[in-house]
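Everything below concerns the one structure shown next.
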Amino acid sequence: MPDWINVTIRSFSMLVILFFMTKWLGKKQISQLNIFEYISGIVLGGIAAVHAIDPNANFMYALISMFIWFIVPYIAEFLSLKSKRFRDFTEGKSTVLIQDGKIMEDNLKKEGYSTDDLLAALRENNVFLASDVEFAVLESSGELNVLPKKENRPLTAKDLGINVAPEKEPQTVIMDGEIMLESLANLSLNVNWLETELDKQNVSIENVFLAQADNNGQLYLDLYDDKITVPEPTEKALLLANLKKCQADLELFSLATENEESKNVYEKNSKKLQHVIDLVQPYL
């Protein structure tokens, strides 16, 4: 067999083997690497490269070596899930670098972190003053997580005492012109609803590049033809406006009439409608 064919076959075989080994080791292998995963990733790639381009290398030796470098991290990962002590040994523990607003200099030295390293990591978290930080911890993955002091955190609806509606993740219902039936089912919607919504905007499915729907049933479109402007959904805003208009009309009717019985009816229903508005406004 010619050497170039041999190298081609060996390279393809190594690529397939590495693909499945990485897949079996899990997604963590390609995101947050511990010591075993970091070493095995480098060595597995080296073994595959050497035995792929050397026609004289024994292919069986390559498989044995790759299996060993695969099975050891695999077992280590399994044991780390079972034992906290083993996990701390293999993956390391997180280290507090700032606590109660104070920089822990000894911990910086322990982790080989200079002041410049700390400030750079804080800037990556959009913090430019170390005094703005209440707590900062260096994770075993090398990532620095920061908790700003309370007065430096962004305001939330809870801080302002505002009730907001619960919200689920939006679903992509059309992608590249194809209807995603599973996404529609996740929102308890169907194709008839989708076609109706597209008809309202005079848009055909074939012209839709991407369509997403939220848990309130509002549809957001991006078309292949960028010259066509698609209006933003306004159903919720219109519903709220109509409710407020009805409530205001009831108040006007109450003020306009001289019949006490009618006035009481208008006032009573106006208060009921205002209560409904207060309940549904966070959702609209």
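Each chain of the structure tokens is named A, B, ... in the order shown, its residues numbered from 1; ligands are numbered from 1 in display order.
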
Hey, what's within 8 Å of region 179-187 of chain A if we count only C-alpha atoms and toss same-chain stuff fewer than 6 positions away? As a count of residues only, please?
6

What's the 12 Å shell around region 100-109 of chain A, counting only C-alpha atoms, without same-chain residues fewer than 6 positions away, as a PDB file with all heavy atoms, in the first residue's frame?
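Saved as out28.pdb:
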ATOM      1  N   SER A  94     -11.849  26.239  44.977  1.00  0.00           N
ATOM      2  CA  SER A  94     -11.904  27.661  44.682  1.00  0.00           C
ATOM      3  C   SER A  94     -11.172  28.436  45.768  1.00  0.00           C
ATOM      4  O   SER A  94     -11.081  27.985  46.918  1.00  0.00           O
ATOM      5  CB  SER A  94     -13.365  28.127  44.589  1.00  0.00           C
ATOM      6  OG  SER A  94     -14.053  27.838  45.794  1.00  0.00           O
ATOM      7  N   THR A 115      -1.128  41.675  41.304  1.00  0.00           N
ATOM      8  CA  THR A 115      -2.146  42.723  41.393  1.00  0.00           C
ATOM      9  C   THR A 115      -2.696  43.052  40.016  1.00  0.00           C
ATOM     10  O   THR A 115      -3.903  43.284  39.841  1.00  0.00           O
ATOM     11  CB  THR A 115      -1.554  43.982  42.048  1.00  0.00           C
ATOM     12  OG1 THR A 115      -0.946  43.639  43.294  1.00  0.00           O
ATOM     13  CG2 THR A 115      -2.631  45.019  42.297  1.00  0.00           C
ATOM     14  N   ASP A 116      -1.817  43.078  39.017  1.00  0.00           N
ATOM     15  CA  ASP A 116      -2.275  43.349  37.651  1.00  0.00           C
ATOM     16  C   ASP A 116      -3.230  42.259  37.167  1.00  0.00           C
ATOM     17  O   ASP A 116      -4.224  42.556  36.487  1.00  0.00           O
ATOM     18  CB  ASP A 116      -1.071  43.439  36.699  1.00  0.00           C
ATOM     19  CG  ASP A 116      -0.285  44.728  36.892  1.00  0.00           C
ATOM     20  OD1 ASP A 116      -0.891  45.722  37.347  1.00  0.00           O
ATOM     21  OD2 ASP A 116       0.917  44.731  36.603  1.00  0.00           O
ATOM     22  N   ASP A 117      -2.921  41.005  37.508  1.00  0.00           N
ATOM     23  CA  ASP A 117      -3.809  39.908  37.116  1.00  0.00           C
ATOM     24  C   ASP A 117      -5.182  40.081  37.744  1.00  0.00           C
ATOM     25  O   ASP A 117      -6.212  39.873  37.088  1.00  0.00           O
ATOM     26  CB  ASP A 117      -3.216  38.564  37.543  1.00  0.00           C
ATOM     27  CG  ASP A 117      -1.939  38.227  36.792  1.00  0.00           C
ATOM     28  OD1 ASP A 117      -1.786  38.697  35.652  1.00  0.00           O
ATOM     29  OD2 ASP A 117      -1.100  37.502  37.353  1.00  0.00           O
ATOM     30  N   LEU A 118      -5.211  40.459  39.010  1.00  0.00           N
ATOM     31  CA  LEU A 118      -6.490  40.645  39.703  1.00  0.00           C
ATOM     32  C   LEU A 118      -7.292  41.781  39.083  1.00  0.00           C
ATOM     33  O   LEU A 118      -8.491  41.635  38.821  1.00  0.00           O
ATOM     34  CB  LEU A 118      -6.237  40.921  41.186  1.00  0.00           C
ATOM     35  CG  LEU A 118      -7.492  41.224  42.029  1.00  0.00           C
ATOM     36  CD1 LEU A 118      -8.434  40.038  42.036  1.00  0.00           C
ATOM     37  CD2 LEU A 118      -7.095  41.620  43.452  1.00  0.00           C
ATOM     38  N   LEU A 119      -6.637  42.903  38.829  1.00  0.00           N
ATOM     39  CA  LEU A 119      -7.342  44.043  38.251  1.00  0.00           C
ATOM     40  C   LEU A 119      -7.853  43.733  36.846  1.00  0.00           C
ATOM     41  O   LEU A 119      -8.954  44.153  36.467  1.00  0.00           O
ATOM     42  CB  LEU A 119      -6.421  45.269  38.224  1.00  0.00           C
ATOM     43  CG  LEU A 119      -6.005  45.821  39.594  1.00  0.00           C
ATOM     44  CD1 LEU A 119      -5.028  46.978  39.433  1.00  0.00           C
ATOM     45  CD2 LEU A 119      -7.232  46.268  40.387  1.00  0.00           C
ATOM     46  N   LEU A 129     -12.992  49.327  39.910  1.00  0.00           N
ATOM     47  CA  LEU A 129     -12.482  49.699  41.219  1.00  0.00           C
ATOM     48  C   LEU A 129     -12.561  48.488  42.135  1.00  0.00           C
ATOM     49  O   LEU A 129     -13.640  47.937  42.342  1.00  0.00           O
ATOM     50  CB  LEU A 129     -13.296  50.854  41.821  1.00  0.00           C
ATOM     51  CG  LEU A 129     -12.978  52.272  41.337  1.00  0.00           C
ATOM     52  CD1 LEU A 129     -13.971  53.263  41.935  1.00  0.00           C
ATOM     53  CD2 LEU A 129     -11.562  52.678  41.693  1.00  0.00           C
ATOM     54  N   ALA A 130     -11.427  48.093  42.685  1.00  0.00           N
ATOM     55  CA  ALA A 130     -11.424  46.944  43.591  1.00  0.00           C
ATOM     56  C   ALA A 130     -12.280  47.223  44.824  1.00  0.00           C
ATOM     57  O   ALA A 130     -12.847  46.302  45.421  1.00  0.00           O
ATOM     58  CB  ALA A 130      -9.996  46.599  43.998  1.00  0.00           C
ATOM     59  N   SER A 131     -12.414  48.488  45.191  1.00  0.00           N
ATOM     60  CA  SER A 131     -13.210  48.850  46.362  1.00  0.00           C
ATOM     61  C   SER A 131     -14.710  48.662  46.136  1.00  0.00           C
ATOM     62  O   SER A 131     -15.488  48.719  47.088  1.00  0.00           O
ATOM     63  CB  SER A 131     -12.928  50.306  46.765  1.00  0.00           C
ATOM     64  OG  SER A 131     -13.222  51.180  45.686  1.00  0.00           O
ATOM     65  N   ASP A 132     -15.108  48.448  44.894  1.00  0.00           N
ATOM     66  CA  ASP A 132     -16.525  48.217  44.589  1.00  0.00           C
ATOM     67  C   ASP A 132     -16.925  46.757  44.794  1.00  0.00           C
ATOM     68  O   ASP A 132     -18.099  46.413  44.642  1.00  0.00           O
ATOM     69  CB  ASP A 132     -16.837  48.607  43.139  1.00  0.00           C
ATOM     70  CG  ASP A 132     -16.789  50.117  42.931  1.00  0.00           C
ATOM     71  OD1 ASP A 132     -16.847  50.845  43.939  1.00  0.00           O
ATOM     72  OD2 ASP A 132     -16.700  50.556  41.775  1.00  0.00           O
ATOM     73  N   VAL A 133     -15.948  45.904  45.122  1.00  0.00           N
ATOM     74  CA  VAL A 133     -16.200  44.461  45.187  1.00  0.00           C
ATOM     75  C   VAL A 133     -16.393  44.028  46.625  1.00  0.00           C
ATOM     76  O   VAL A 133     -15.574  44.348  47.502  1.00  0.00           O
ATOM     77  CB  VAL A 133     -15.041  43.667  44.544  1.00  0.00           C
ATOM     78  CG1 VAL A 133     -15.289  42.164  44.652  1.00  0.00           C
ATOM     79  CG2 VAL A 133     -14.873  44.076  43.090  1.00  0.00           C
ATOM     80  N   GLU A 134     -17.458  43.295  46.879  1.00  0.00           N
ATOM     81  CA  GLU A 134     -17.709  42.715  48.197  1.00  0.00           C
ATOM     82  C   GLU A 134     -17.018  41.364  48.341  1.00  0.00           C
ATOM     83  O   GLU A 134     -16.455  41.051  49.389  1.00  0.00           O
ATOM     84  CB  GLU A 134     -19.215  42.544  48.404  1.00  0.00           C
ATOM     85  CG  GLU A 134     -19.612  41.894  49.727  1.00  0.00           C
ATOM     86  CD  GLU A 134     -19.336  42.794  50.915  1.00  0.00           C
ATOM     87  OE1 GLU A 134     -19.294  44.032  50.727  1.00  0.00           O
ATOM     88  OE2 GLU A 134     -19.157  42.272  52.024  1.00  0.00           O
ATOM     89  N   PHE A 135     -17.072  40.567  47.256  1.00  0.00           N
ATOM     90  CA  PHE A 135     -16.546  39.200  47.328  1.00  0.00           C
ATOM     91  C   PHE A 135     -16.094  38.790  45.933  1.00  0.00           C
ATOM     92  O   PHE A 135     -16.772  39.068  44.939  1.00  0.00           O
ATOM     93  CB  PHE A 135     -17.645  38.259  47.835  1.00  0.00           C
ATOM     94  CG  PHE A 135     -17.214  36.836  48.014  1.00  0.00           C
ATOM     95  CD1 PHE A 135     -16.502  36.436  49.133  1.00  0.00           C
ATOM     96  CD2 PHE A 135     -17.523  35.878  47.050  1.00  0.00           C
ATOM     97  CE1 PHE A 135     -16.116  35.114  49.308  1.00  0.00           C
ATOM     98  CE2 PHE A 135     -17.141  34.563  47.211  1.00  0.00           C
ATOM     99  CZ  PHE A 135     -16.431  34.179  48.339  1.00  0.00           C
ATOM    100  N   ALA A 136     -14.946  38.136  45.850  1.00  0.00           N
ATOM    101  CA  ALA A 136     -14.447  37.617  44.576  1.00  0.00           C
ATOM    102  C   ALA A 136     -13.778  36.279  44.828  1.00  0.00           C
ATOM    103  O   ALA A 136     -12.983  36.147  45.768  1.00  0.00           O
ATOM    104  CB  ALA A 136     -13.459  38.595  43.925  1.00  0.00           C
ATOM    105  N   VAL A 137     -14.102  35.296  44.011  1.00  0.00           N
ATOM    106  CA  VAL A 137     -13.560  33.954  44.196  1.00  0.00           C
ATOM    107  C   VAL A 137     -12.979  33.449  42.883  1.00  0.00           C
ATOM    108  O   VAL A 137     -13.583  33.620  41.815  1.00  0.00           O
ATOM    109  CB  VAL A 137     -14.652  32.991  44.724  1.00  0.00           C
ATOM    110  CG1 VAL A 137     -15.832  32.921  43.778  1.00  0.00           C
ATOM    111  CG2 VAL A 137     -14.081  31.604  44.993  1.00  0.00           C
ATOM    112  N   LEU A 138     -11.803  32.863  42.973  1.00  0.00           N
ATOM    113  CA  LEU A 138     -11.145  32.261  41.813  1.00  0.00           C
ATOM    114  C   LEU A 138     -11.546  30.794  41.767  1.00  0.00           C
ATOM    115  O   LEU A 138     -11.185  30.013  42.660  1.00  0.00           O
ATOM    116  CB  LEU A 138      -9.628  32.402  41.923  1.00  0.00           C
ATOM    117  CG  LEU A 138      -8.805  31.865  40.751  1.00  0.00           C
ATOM    118  CD1 LEU A 138      -9.074  32.676  39.491  1.00  0.00           C
ATOM    119  CD2 LEU A 138      -7.314  31.890  41.090  1.00  0.00           C
ATOM    120  N   VAL A 146     -17.262  37.516  40.553  1.00  0.00           N
ATOM    121  CA  VAL A 146     -17.251  38.718  41.376  1.00  0.00           C
ATOM    122  C   VAL A 146     -18.657  39.047  41.853  1.00  0.00           C
ATOM    123  O   VAL A 146     -19.622  38.991  41.076  1.00  0.00           O
ATOM    124  CB  VAL A 146     -16.675  39.910  40.577  1.00  0.00           C
ATOM    125  CG1 VAL A 146     -16.769  41.197  41.375  1.00  0.00           C
ATOM    126  CG2 VAL A 146     -15.236  39.631  40.177  1.00  0.00           C
ATOM    127  N   LEU A 147     -18.772  39.377  43.143  1.00  0.00           N
ATOM    128  CA  LEU A 147     -20.013  39.900  43.712  1.00  0.00           C
ATOM    129  C   LEU A 147     -19.769  41.348  44.111  1.00  0.00           C
ATOM    130  O   LEU A 147     -19.083  41.619  45.099  1.00  0.00           O
ATOM    131  CB  LEU A 147     -20.432  39.075  44.935  1.00  0.00           C
ATOM    132  CG  LEU A 147     -21.678  39.581  45.684  1.00  0.00           C
ATOM    133  CD1 LEU A 147     -22.923  39.423  44.813  1.00  0.00           C
ATOM    134  CD2 LEU A 147     -21.848  38.853  47.009  1.00  0.00           C
ATOM    135  N   PRO A 148     -20.334  42.326  43.366  1.00  0.00           N
ATOM    136  CA  PRO A 148     -20.143  43.733  43.737  1.00  0.00           C
ATOM    137  C   PRO A 148     -20.856  44.060  45.048  1.00  0.00           C
ATOM    138  O   PRO A 148     -21.758  43.334  45.482  1.00  0.00           O
ATOM    139  CB  PRO A 148     -20.773  44.494  42.560  1.00  0.00           C
ATOM    140  CG  PRO A 148     -20.884  43.501  41.454  1.00  0.00           C
ATOM    141  CD  PRO A 148     -21.071  42.173  42.114  1.00  0.00           C
ATOM    142  N   LYS A 149     -20.436  45.137  45.665  1.00  0.00           N
ATOM    143  CA  LYS A 149     -21.146  45.599  46.845  1.00  0.00           C
ATOM    144  C   LYS A 149     -22.583  45.968  46.461  1.00  0.00           C
ATOM    145  O   LYS A 149     -22.862  46.326  45.319  1.00  0.00           O
ATOM    146  CB  LYS A 149     -20.432  46.804  47.447  1.00  0.00           C
ATOM    147  CG  LYS A 149     -19.074  46.445  48.050  1.00  0.00           C
ATOM    148  CD  LYS A 149     -18.393  47.650  48.667  1.00  0.00           C
ATOM    149  CE  LYS A 149     -17.060  47.243  49.309  1.00  0.00           C
ATOM    150  NZ  LYS A 149     -16.329  48.394  49.878  1.00  0.00           N
ATOM    151  N   LYS A 150     -23.478  45.881  47.428  1.00  0.00           N
ATOM    152  CA  LYS A 150     -24.908  46.009  47.123  1.00  0.00           C
ATOM    153  C   LYS A 150     -25.224  47.323  46.422  1.00  0.00           C
ATOM    154  O   LYS A 150     -26.048  47.370  45.509  1.00  0.00           O
ATOM    155  CB  LYS A 150     -25.716  45.875  48.406  1.00  0.00           C
ATOM    156  CG  LYS A 150     -27.197  45.654  48.158  1.00  0.00           C
ATOM    157  CD  LYS A 150     -27.898  45.135  49.385  1.00  0.00           C
ATOM    158  CE  LYS A 150     -29.352  44.772  49.044  1.00  0.00           C
ATOM    159  NZ  LYS A 150     -30.063  44.205  50.204  1.00  0.00           N
TER     160      LYS A 150
END

Extract the full set of strand (DSSP E) residues from region 116-261 of chain A according to DSSP on the backbone, and format it as a list in words.
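For region 116-261 of chain A, the strand (DSSP E) set is Val133, Glu134, Phe135, Ala136, Val137, Leu138, Leu144, Asn145, Val146, Leu147, Pro148, Gln171, Thr172, Val173, Ile174, Met175, Glu178, Ile179, Val208, Phe209, Leu210, Ala211, Gln212, Ala213, Leu219, Tyr220, Leu221, Asp222 and Leu223 of chain A.
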
DSSP on the backbone: what in region 49-242 of chain A comes out alpha helix (DSSP H), as a count of residues only?
77

Could you give me, as a PyMOL selection string, the residues within 12 Å of Asp278 (chain A), counting only C-alpha atoms and dropping anything in the same chain fewer than 5 positions from it?
chain A and resi 162-164+240+243-244+247+271-273+283-284

I need the residues from that last selection saved to file as a JSON list (two decimals), in the first residue's frame (with all heavy atoms), if you can.
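Contents of part-v3.json, as written:
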[["chain", "number", "residue", "atom", "x", "y", "z"],
["A", 162, "ILE", "N", -41.45, 46.03, 42.11],
["A", 162, "ILE", "CA", -42.31, 45.86, 40.94],
["A", 162, "ILE", "C", -42.56, 44.38, 40.71],
["A", 162, "ILE", "O", -41.62, 43.58, 40.70],
["A", 162, "ILE", "CB", -41.65, 46.48, 39.68],
["A", 162, "ILE", "CG1", -41.42, 47.98, 39.90],
["A", 162, "ILE", "CG2", -42.52, 46.24, 38.45],
["A", 162, "ILE", "CD1", -40.65, 48.63, 38.77],
["A", 163, "ASN", "N", -43.82, 44.03, 40.53],
["A", 163, "ASN", "CA", -44.16, 42.65, 40.21],
["A", 163, "ASN", "C", -44.02, 42.43, 38.71],
["A", 163, "ASN", "O", -44.53, 43.22, 37.91],
["A", 163, "ASN", "CB", -45.60, 42.34, 40.64],
["A", 163, "ASN", "CG", -45.76, 42.35, 42.14],
["A", 163, "ASN", "OD1", -44.86, 41.95, 42.86],
["A", 163, "ASN", "ND2", -46.91, 42.82, 42.62],
["A", 164, "VAL", "N", -43.31, 41.40, 38.33],
["A", 164, "VAL", "CA", -43.14, 41.08, 36.92],
["A", 164, "VAL", "C", -43.67, 39.68, 36.67],
["A", 164, "VAL", "O", -43.72, 38.83, 37.56],
["A", 164, "VAL", "CB", -41.65, 41.16, 36.49],
["A", 164, "VAL", "CG1", -41.14, 42.57, 36.59],
["A", 164, "VAL", "CG2", -40.80, 40.23, 37.34],
["A", 240, "LEU", "N", -53.81, 46.20, 26.80],
["A", 240, "LEU", "CA", -53.71, 47.03, 28.00],
["A", 240, "LEU", "C", -54.33, 48.40, 27.78],
["A", 240, "LEU", "O", -55.04, 48.93, 28.65],
["A", 240, "LEU", "CB", -52.24, 47.17, 28.42],
["A", 240, "LEU", "CG", -51.97, 47.99, 29.69],
["A", 240, "LEU", "CD1", -52.67, 47.36, 30.89],
["A", 240, "LEU", "CD2", -50.48, 48.11, 29.95],
["A", 243, "LEU", "N", -58.11, 48.07, 27.88],
["A", 243, "LEU", "CA", -58.60, 47.90, 29.25],
["A", 243, "LEU", "C", -58.62, 49.24, 30.00],
["A", 243, "LEU", "O", -59.59, 49.56, 30.70],
["A", 243, "LEU", "CB", -57.73, 46.89, 30.00],
["A", 243, "LEU", "CG", -57.89, 45.42, 29.60],
["A", 243, "LEU", "CD1", -56.84, 44.57, 30.31],
["A", 243, "LEU", "CD2", -59.28, 44.91, 29.93],
["A", 244, "LYS", "N", -57.55, 50.01, 29.84],
["A", 244, "LYS", "CA", -57.49, 51.32, 30.51],
["A", 244, "LYS", "C", -58.54, 52.27, 29.96],
["A", 244, "LYS", "O", -59.13, 53.06, 30.71],
["A", 244, "LYS", "CB", -56.09, 51.91, 30.35],
["A", 244, "LYS", "CG", -55.03, 51.20, 31.17],
["A", 244, "LYS", "CD", -53.67, 51.88, 31.03],
["A", 244, "LYS", "CE", -52.64, 51.22, 31.92],
["A", 244, "LYS", "NZ", -51.31, 51.88, 31.81],
["A", 247, "GLN", "N", -61.88, 51.32, 31.46],
["A", 247, "GLN", "CA", -61.97, 51.75, 32.85],
["A", 247, "GLN", "C", -62.18, 53.26, 32.95],
["A", 247, "GLN", "O", -62.97, 53.74, 33.77],
["A", 247, "GLN", "CB", -60.68, 51.34, 33.58],
["A", 247, "GLN", "CG", -60.73, 51.45, 35.09],
["A", 247, "GLN", "CD", -60.32, 52.82, 35.60],
["A", 247, "GLN", "OE1", -59.61, 53.54, 34.90],
["A", 247, "GLN", "NE2", -60.77, 53.15, 36.79],
["A", 271, "LYS", "N", -64.05, 49.99, 39.49],
["A", 271, "LYS", "CA", -63.10, 49.46, 40.46],
["A", 271, "LYS", "C", -62.72, 48.03, 40.14],
["A", 271, "LYS", "O", -61.56, 47.63, 40.29],
["A", 271, "LYS", "CB", -63.70, 49.57, 41.86],
["A", 271, "LYS", "CG", -63.86, 51.00, 42.36],
["A", 271, "LYS", "CD", -64.50, 51.02, 43.75],
["A", 271, "LYS", "CE", -64.66, 52.45, 44.25],
["A", 271, "LYS", "NZ", -65.32, 52.50, 45.58],
["A", 272, "LYS", "N", -63.71, 47.23, 39.70],
["A", 272, "LYS", "CA", -63.42, 45.85, 39.33],
["A", 272, "LYS", "C", -62.44, 45.79, 38.17],
["A", 272, "LYS", "O", -61.49, 45.00, 38.17],
["A", 272, "LYS", "CB", -64.70, 45.12, 38.97],
["A", 272, "LYS", "CG", -65.59, 44.76, 40.16],
["A", 272, "LYS", "CD", -66.79, 43.95, 39.69],
["A", 272, "LYS", "CE", -67.65, 43.51, 40.86],
["A", 272, "LYS", "NZ", -68.84, 42.74, 40.41],
["A", 273, "LEU", "N", -62.70, 46.65, 37.17],
["A", 273, "LEU", "CA", -61.82, 46.65, 35.99],
["A", 273, "LEU", "C", -60.43, 47.15, 36.35],
["A", 273, "LEU", "O", -59.43, 46.66, 35.82],
["A", 273, "LEU", "CB", -62.43, 47.51, 34.88],
["A", 273, "LEU", "CG", -61.76, 47.44, 33.51],
["A", 273, "LEU", "CD1", -61.64, 46.00, 33.04],
["A", 273, "LEU", "CD2", -62.53, 48.26, 32.48],
["A", 283, "TYR", "N", -48.10, 41.22, 33.17],
["A", 283, "TYR", "CA", -48.02, 40.29, 32.05],
["A", 283, "TYR", "C", -48.08, 41.01, 30.70],
["A", 283, "TYR", "O", -47.75, 40.42, 29.67],
["A", 283, "TYR", "CB", -49.16, 39.27, 32.13],
["A", 283, "TYR", "CG", -49.10, 38.38, 33.34],
["A", 283, "TYR", "CD1", -49.66, 38.78, 34.55],
["A", 283, "TYR", "CD2", -48.48, 37.14, 33.30],
["A", 283, "TYR", "CE1", -49.60, 37.96, 35.67],
["A", 283, "TYR", "CE2", -48.40, 36.33, 34.42],
["A", 283, "TYR", "CZ", -48.96, 36.75, 35.60],
["A", 283, "TYR", "OH", -48.89, 35.95, 36.71],
["A", 284, "LEU", "N", -48.56, 42.25, 30.72],
["A", 284, "LEU", "CA", -48.72, 42.99, 29.47],
["A", 284, "LEU", "C", -47.66, 44.06, 29.29],
["A", 284, "LEU", "O", -47.57, 44.66, 28.24],
["A", 284, "LEU", "CB", -50.13, 43.63, 29.43],
["A", 284, "LEU", "CG", -51.31, 42.66, 29.53],
["A", 284, "LEU", "CD1", -52.61, 43.40, 29.52],
["A", 284, "LEU", "CD2", -51.27, 41.65, 28.39]]

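Among the candidates A:Ile47, A:Asn269, A:Ser188, A:Asn152, the one nearest to Ser65 (chain A) when counting only C-alpha atoms is A:Ile47.
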
CA of Trp69 (chain A) and CA of Ala57 (chain A), how far apart in Å?
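About the pair CA of Ala57 (chain A) and CA of Trp69 (chain A): they are 18.0 Å apart.
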
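Taking CA of Leu144 (chain A) and CA of Lys158 (chain A) as the two end points, the separation is 26.4 Å.
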
Please compute the CA of Glu206 (chain A)-CA of Glu178 (chain A) distance, one decimal, in Å.
8.0 Å
